[in-house]
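What follows is the content of structure-v4.cif (mmCIF, C-alpha atoms).
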```cif
data_target
loop_
_atom_site.group_PDB
_atom_site.id
_atom_site.type_symbol
_atom_site.label_atom_id
_atom_site.label_comp_id
_atom_site.auth_asym_id
_atom_site.auth_seq_id
_atom_site.Cartn_x
_atom_site.Cartn_y
_atom_site.Cartn_z
ATOM 1 C CA SER A 1 173.522 114.050 111.365
ATOM 2 C CA ALA A 2 173.194 113.803 115.119
ATOM 3 C CA SER A 3 176.316 113.678 117.215
ATOM 4 C CA PRO A 4 177.012 110.784 119.589
ATOM 5 C CA PHE A 5 176.082 113.089 122.469
ATOM 6 C CA GLU A 6 172.695 113.887 120.882
ATOM 7 C CA LEU A 7 171.996 110.200 120.271
ATOM 8 C CA LYS A 8 172.949 109.392 123.856
ATOM 9 C CA ASN A 9 170.571 112.118 125.024
ATOM 10 C CA CYS A 10 167.786 110.645 122.859
ATOM 11 C CA LEU A 11 168.237 107.255 124.524
ATOM 12 C CA ALA A 12 168.177 108.856 127.961
ATOM 13 C CA HIS A 13 164.813 110.439 127.077
ATOM 14 C CA LEU A 14 163.469 107.082 125.920
ATOM 15 C CA ARG A 15 164.516 105.499 129.192
ATOM 16 C CA SER A 16 162.779 108.314 131.087
ATOM 17 C CA PHE A 17 159.668 107.749 128.953
ATOM 18 C CA LEU A 18 159.527 104.094 130.020
ATOM 19 C CA GLU A 19 160.051 105.060 133.668
ATOM 20 C CA GLY A 20 157.309 107.696 133.533
ATOM 21 C CA LEU A 21 154.874 105.441 131.699
ATOM 22 C CA HIS A 22 155.149 102.751 134.354
ATOM 23 C CA GLU A 23 155.035 105.247 137.214
ATOM 24 C CA GLN A 24 151.853 106.853 135.863
ATOM 25 C CA ALA A 25 150.230 103.444 135.388
ATOM 26 C CA CYS A 26 150.991 102.508 138.999
ATOM 27 C CA LYS A 27 149.302 105.595 140.438
ATOM 28 C CA PRO A 28 145.688 104.372 140.041
ATOM 29 C CA LEU A 29 146.718 100.897 141.255
ATOM 30 C CA ALA A 30 148.354 102.389 144.344
ATOM 31 C CA ASN A 31 145.347 104.632 145.025
ATOM 32 C CA THR A 32 142.975 101.659 144.824
ATOM 33 C CA ALA A 33 145.177 99.605 147.175
ATOM 34 C CA GLY A 34 145.716 102.549 149.546
ATOM 35 C CA ILE A 35 149.486 102.355 149.262
ATOM 36 C CA THR A 36 152.208 104.776 148.215
ATOM 37 C CA ASN A 37 152.848 104.986 144.488
ATOM 38 C CA PRO A 38 156.290 103.538 143.681
ATOM 39 C CA HIS A 39 158.690 105.816 141.814
ATOM 40 C CA LYS A 40 161.673 103.585 141.001
ATOM 41 C CA TRP A 41 161.830 101.554 137.795
ATOM 42 C CA GLY A 42 162.122 98.114 139.385
ATOM 43 C CA GLU A 43 159.385 98.829 141.920
ATOM 44 C CA THR A 44 156.900 100.041 139.317
ATOM 45 C CA THR A 45 157.545 97.082 137.052
ATOM 46 C CA VAL A 46 157.050 94.628 139.920
ATOM 47 C CA MET A 47 153.799 96.341 140.891
ATOM 48 C CA LEU A 48 152.523 96.107 137.319
ATOM 49 C CA ARG A 49 153.446 92.410 137.190
ATOM 50 C CA ASN A 50 151.883 91.691 140.590
ATOM 51 C CA ASN A 51 148.649 93.379 139.477
ATOM 52 C CA ALA A 52 148.537 91.380 136.228
ATOM 53 C CA VAL A 53 148.998 94.462 134.062
ATOM 54 C CA LEU A 54 152.157 92.887 132.661
ATOM 55 C CA SER A 55 152.631 89.199 131.992
ATOM 56 C CA MET A 56 155.889 87.595 133.049
ATOM 57 C CA GLN A 57 157.105 87.651 129.435
ATOM 58 C CA GLU A 58 156.146 91.310 128.976
ATOM 59 C CA GLU A 59 157.955 92.173 132.190
ATOM 60 C CA LYS A 60 161.053 90.388 130.885
ATOM 61 C CA LEU A 61 160.787 92.180 127.546
ATOM 62 C CA VAL A 62 160.503 95.693 128.946
ATOM 63 C CA THR A 63 163.114 95.034 131.637
ATOM 64 C CA SER A 64 165.505 93.804 128.945
ATOM 65 C CA LEU A 65 164.756 96.865 126.811
ATOM 66 C CA TYR A 66 165.374 99.174 129.770
ATOM 67 C CA THR A 67 168.602 97.364 130.638
ATOM 68 C CA LEU A 68 169.759 97.531 127.034
ATOM 69 C CA ILE A 69 169.161 101.280 126.931
ATOM 70 C CA SER A 70 170.942 101.746 130.259
ATOM 71 C CA ASP A 71 173.928 99.497 129.686
ATOM 72 C CA GLU A 72 174.564 99.992 125.997
ATOM 73 C CA GLY A 73 173.141 103.376 125.155
ATOM 74 C CA VAL A 74 173.056 105.778 128.056
ATOM 75 C CA HIS A 75 176.113 105.007 130.144
ATOM 76 C CA PRO A 76 178.780 104.310 127.513
ATOM 77 C CA LEU A 77 179.058 106.789 124.699
ATOM 78 C CA ILE A 78 178.324 104.351 121.857
ATOM 79 C CA ALA A 79 174.825 105.380 120.757
ATOM 80 C CA GLU A 80 175.039 105.087 116.998
ATOM 81 C CA ARG A 81 172.172 106.256 114.792
ATOM 82 C CA GLU A 82 170.915 102.761 113.930
ATOM 83 C CA TYR A 83 170.979 101.734 117.563
ATOM 84 C CA ALA A 84 169.061 104.853 118.607
ATOM 85 C CA ARG A 85 166.472 104.232 115.866
ATOM 86 C CA LEU A 86 165.983 100.609 116.951
ATOM 87 C CA ILE A 87 165.495 101.558 120.600
ATOM 88 C CA ARG A 88 163.165 104.424 119.676
ATOM 89 C CA ASN A 89 160.952 102.129 117.612
ATOM 90 C CA MET A 90 160.916 99.448 120.298
ATOM 91 C CA ALA A 91 159.977 102.012 122.976
ATOM 92 C CA ILE A 92 157.172 103.405 120.798
ATOM 93 C CA GLU A 93 155.733 99.971 120.073
ATOM 94 C CA TYR A 94 156.003 98.886 123.710
ATOM 95 C CA GLY A 95 154.276 102.112 124.784
ATOM 96 C CA LEU A 96 151.422 101.465 122.354
ATOM 97 C CA LEU A 97 151.035 97.876 123.563
ATOM 98 C CA PHE A 98 151.157 98.979 127.205
ATOM 99 C CA LEU A 99 148.618 101.791 126.779
ATOM 100 C CA THR A 100 146.281 99.437 124.924
ATOM 101 C CA LYS A 101 146.538 96.913 127.779
ATOM 102 C CA LEU A 102 145.764 99.649 130.323
ATOM 103 C CA GLU A 103 142.724 100.755 128.322
ATOM 104 C CA LYS A 104 141.394 97.196 128.059
ATOM 105 C CA ALA A 105 141.916 96.721 131.811
ATOM 106 C CA GLY A 106 140.026 99.942 132.544
ATOM 107 C CA ILE A 107 143.055 101.607 134.113
ATOM 108 C CA GLU A 108 143.072 105.346 133.467
ATOM 109 C CA LEU A 109 146.267 107.333 133.653
ATOM 110 C CA PRO A 110 146.268 110.517 135.732
ATOM 111 C CA ASP A 111 145.053 113.618 133.866
ATOM 112 C CA LYS A 112 148.085 115.556 135.033
ATOM 113 C CA PRO A 113 151.408 113.976 134.055
ATOM 114 C CA LEU A 114 153.816 113.142 136.845
ATOM 115 C CA ASN A 115 157.107 114.982 137.002
ATOM 116 C CA VAL A 116 159.611 112.727 135.290
#
```
Structure encoded using structure tokens:
Amino acid sequence: SASPFELKNCLAHLRSFLEGLHEQACKPLANTAGITNPHKWGETTVMLRNNAVLSMQEEKLVTSLYTLISDEGVHPLIAEREYARLIRNMAIEYGLLFLTKLEKAGIELPDKPLNV
């Protein structure tokens, strides 16, 4: 029996999870290229696409998911339980897919998590 505020907070955490996941994945790519690790959502996603970590369709999927969380769940106060459950499950499954792709590509995430 979560309140709308608690559900909204849950969605904000899921959005932060996606941001942190991409930022951590960019760190080894940036180190290899000798460039600064991007920290903003759009920049990290572009870097992952440009380095063939994400396909164009995967980039569209996760960008749409992020936009959906931002526009429909975090900013307005309309985060109903079913909506929060759907987004949570989508974020979990995307995270699993993404981590599996990183492992297959031989990209290791930093041992120490970044501050998100």
So which residues get picked by the PyMOL selection byres ((chain A and resi 13-16) around 7) here, written as an NGL selection string? :A and (9-12 or 17-20 or 66 or 69 or 88 or 91 or 116)
Limited to C-alpha atoms, could you put the picked residues into a file as a compact mmCIF listing (two decimals), keeping the file's coordinate frame?
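Contents of result19.txt, freshly written:
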```txt
# COMPACT_ATOMS: atom_id res chain seq x y z
CA ASN A 9 170.57 112.12 125.02
CA CYS A 10 167.79 110.64 122.86
CA LEU A 11 168.24 107.26 124.52
CA ALA A 12 168.18 108.86 127.96
CA PHE A 17 159.67 107.75 128.95
CA LEU A 18 159.53 104.09 130.02
CA GLU A 19 160.05 105.06 133.67
CA GLY A 20 157.31 107.70 133.53
CA TYR A 66 165.37 99.17 129.77
CA ILE A 69 169.16 101.28 126.93
CA ARG A 88 163.16 104.42 119.68
CA ALA A 91 159.98 102.01 122.98
CA VAL A 116 159.61 112.73 135.29
```
What gap, in Å, lies between atom CA of A:Thr45 and atom CA of A:Leu7?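 Separation of atom CA of A:Thr45 and atom CA of A:Leu7: 25.7 Å.
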I'd like the neighbourhood of A:Glu82 as a PyMOL selection string, where a residue qualifies if any of its atoms comes within 12 Å (using all atoms listed in the file), though same-chain residues fewer than 4 positions away should be ignored. chain A and resi 1-2+4+7+11+73+78+86-89
Spatial neighbours of stretch 27-43 of chain A, 9 Å, all atoms listed in the file, chain gap at least 3 places, as an MDAnalysis selection string: chainID A and resid 18:20 22:24 46:48 51 63 107:110
Smallest atom-to-atom distance to A:Ser55: which of A:Thr67, A:Lys101, A:Met90, A:Leu96, using all atoms listed in the file?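 Smallest separation from A:Ser55 among the options: A:Lys101.
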Residue nearest A:Tyr83 among A:Cys26, A:Leu21, A:Met56, A:Leu68 (counting all atoms listed in the file): A:Leu68
Of the residues A:Ala105, A:Glu93, A:Ala84, A:Leu54, which is the one nearest to A:Glu72, using only C-alpha atoms?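 Closest candidate: A:Ala84.
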Separation of atom CA of A:Val53 from atom CA of A:Leu97 in Å: 11.2 Å
Taking the partial coordinates given, rebuild stretch 89-110 of chain A to contain N, CA, C and O atoms; return it as a PDB file, in the coordinates of the input.
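Result written to rebuild32.pdb:
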```pdb
ATOM      1  N   ASN A  89     162.085 102.876 118.149  1.00  0.00           N
ATOM      2  CA  ASN A  89     160.952 102.129 117.612  1.00  0.00           C
ATOM      3  C   ASN A  89     160.442 101.091 118.604  1.00  0.00           C
ATOM      4  O   ASN A  89     159.223 100.899 118.734  1.00  0.00           O
ATOM      5  N   MET A  90     161.339 100.436 119.298  1.00  0.00           N
ATOM      6  CA  MET A  90     160.916  99.448 120.298  1.00  0.00           C
ATOM      7  C   MET A  90     160.159 100.128 121.439  1.00  0.00           C
ATOM      8  O   MET A  90     159.152  99.602 121.913  1.00  0.00           O
ATOM      9  N   ALA A  91     160.638 101.288 121.888  1.00  0.00           N
ATOM     10  CA  ALA A  91     159.977 102.012 122.976  1.00  0.00           C
ATOM     11  C   ALA A  91     158.585 102.487 122.545  1.00  0.00           C
ATOM     12  O   ALA A  91     157.625 102.398 123.313  1.00  0.00           O
ATOM     13  N   ILE A  92     158.476 102.965 121.312  1.00  0.00           N
ATOM     14  CA  ILE A  92     157.172 103.405 120.798  1.00  0.00           C
ATOM     15  C   ILE A  92     156.193 102.239 120.744  1.00  0.00           C
ATOM     16  O   ILE A  92     155.042 102.347 121.196  1.00  0.00           O
ATOM     17  N   GLU A  93     156.626 101.126 120.202  1.00  0.00           N
ATOM     18  CA  GLU A  93     155.733  99.971 120.073  1.00  0.00           C
ATOM     19  C   GLU A  93     155.368  99.385 121.435  1.00  0.00           C
ATOM     20  O   GLU A  93     154.225  98.979 121.652  1.00  0.00           O
ATOM     21  N   TYR A  94     156.319  99.349 122.362  1.00  0.00           N
ATOM     22  CA  TYR A  94     156.003  98.886 123.710  1.00  0.00           C
ATOM     23  C   TYR A  94     154.985  99.828 124.349  1.00  0.00           C
ATOM     24  O   TYR A  94     154.019  99.380 124.973  1.00  0.00           O
ATOM     25  N   GLY A  95     155.196 101.139 124.214  1.00  0.00           N
ATOM     26  CA  GLY A  95     154.276 102.112 124.784  1.00  0.00           C
ATOM     27  C   GLY A  95     152.869 101.932 124.254  1.00  0.00           C
ATOM     28  O   GLY A  95     151.895 101.981 125.011  1.00  0.00           O
ATOM     29  N   LEU A  96     152.737 101.701 122.952  1.00  0.00           N
ATOM     30  CA  LEU A  96     151.422 101.465 122.354  1.00  0.00           C
ATOM     31  C   LEU A  96     150.780 100.202 122.917  1.00  0.00           C
ATOM     32  O   LEU A  96     149.600 100.207 123.298  1.00  0.00           O
ATOM     33  N   LEU A  97     151.542  99.127 122.989  1.00  0.00           N
ATOM     34  CA  LEU A  97     151.035  97.876 123.563  1.00  0.00           C
ATOM     35  C   LEU A  97     150.592  98.087 125.009  1.00  0.00           C
ATOM     36  O   LEU A  97     149.505  97.680 125.413  1.00  0.00           O
ATOM     37  N   PHE A  98     151.423  98.752 125.794  1.00  0.00           N
ATOM     38  CA  PHE A  98     151.157  98.979 127.205  1.00  0.00           C
ATOM     39  C   PHE A  98     149.901  99.833 127.401  1.00  0.00           C
ATOM     40  O   PHE A  98     149.030  99.499 128.212  1.00  0.00           O
ATOM     41  N   LEU A  99     149.789 100.926 126.652  1.00  0.00           N
ATOM     42  CA  LEU A  99     148.618 101.791 126.779  1.00  0.00           C
ATOM     43  C   LEU A  99     147.339 101.071 126.359  1.00  0.00           C
ATOM     44  O   LEU A  99     146.283 101.273 126.963  1.00  0.00           O
ATOM     45  N   THR A 100     147.432 100.225 125.351  1.00  0.00           N
ATOM     46  CA  THR A 100     146.281  99.437 124.924  1.00  0.00           C
ATOM     47  C   THR A 100     145.867  98.464 126.023  1.00  0.00           C
ATOM     48  O   THR A 100     144.672  98.298 126.301  1.00  0.00           O
ATOM     49  N   LYS A 101     146.847  97.831 126.666  1.00  0.00           N
ATOM     50  CA  LYS A 101     146.538  96.913 127.779  1.00  0.00           C
ATOM     51  C   LYS A 101     145.871  97.659 128.924  1.00  0.00           C
ATOM     52  O   LYS A 101     144.916  97.160 129.532  1.00  0.00           O
ATOM     53  N   LEU A 102     146.366  98.858 129.250  1.00  0.00           N
ATOM     54  CA  LEU A 102     145.764  99.649 130.323  1.00  0.00           C
ATOM     55  C   LEU A 102     144.314  99.993 129.985  1.00  0.00           C
ATOM     56  O   LEU A 102     143.431  99.875 130.830  1.00  0.00           O
ATOM     57  N   GLU A 103     144.074 100.399 128.745  1.00  0.00           N
ATOM     58  CA  GLU A 103     142.724 100.755 128.322  1.00  0.00           C
ATOM     59  C   GLU A 103     141.783  99.557 128.433  1.00  0.00           C
ATOM     60  O   GLU A 103     140.676  99.676 128.964  1.00  0.00           O
ATOM     61  N   LYS A 104     142.227  98.401 127.988  1.00  0.00           N
ATOM     62  CA  LYS A 104     141.394  97.196 128.059  1.00  0.00           C
ATOM     63  C   LYS A 104     141.126  96.783 129.500  1.00  0.00           C
ATOM     64  O   LYS A 104     140.081  96.215 129.797  1.00  0.00           O
ATOM     65  N   ALA A 105     142.081  97.063 130.398  1.00  0.00           N
ATOM     66  CA  ALA A 105     141.916  96.721 131.811  1.00  0.00           C
ATOM     67  C   ALA A 105     141.120  97.779 132.567  1.00  0.00           C
ATOM     68  O   ALA A 105     140.838  97.617 133.755  1.00  0.00           O
ATOM     69  N   GLY A 106     140.786  98.879 131.893  1.00  0.00           N
ATOM     70  CA  GLY A 106     140.026  99.942 132.544  1.00  0.00           C
ATOM     71  C   GLY A 106     140.856 100.788 133.482  1.00  0.00           C
ATOM     72  O   GLY A 106     140.321 101.442 134.376  1.00  0.00           O
ATOM     73  N   ILE A 107     142.160 100.809 133.276  1.00  0.00           N
ATOM     74  CA  ILE A 107     143.055 101.607 134.113  1.00  0.00           C
ATOM     75  C   ILE A 107     143.302 102.939 133.410  1.00  0.00           C
ATOM     76  O   ILE A 107     143.841 102.969 132.307  1.00  0.00           O
ATOM     77  N   GLU A 108     142.894 104.023 134.049  1.00  0.00           N
ATOM     78  CA  GLU A 108     143.072 105.346 133.467  1.00  0.00           C
ATOM     79  C   GLU A 108     144.294 106.000 134.066  1.00  0.00           C
ATOM     80  O   GLU A 108     144.486 106.003 135.281  1.00  0.00           O
ATOM     81  N   LEU A 109     145.093 106.603 133.194  1.00  0.00           N
ATOM     82  CA  LEU A 109     146.267 107.333 133.653  1.00  0.00           C
ATOM     83  C   LEU A 109     145.820 108.661 134.238  1.00  0.00           C
ATOM     84  O   LEU A 109     144.782 109.196 133.847  1.00  0.00           O
ATOM     85  N   PRO A 110     146.615 109.213 135.154  1.00  0.00           N
ATOM     86  CA  PRO A 110     146.268 110.517 135.732  1.00  0.00           C
ATOM     87  C   PRO A 110     146.143 111.577 134.644  1.00  0.00           C
ATOM     88  O   PRO A 110     146.869 111.537 133.644  1.00  0.00           O
TER      89      PRO A 110
END
```
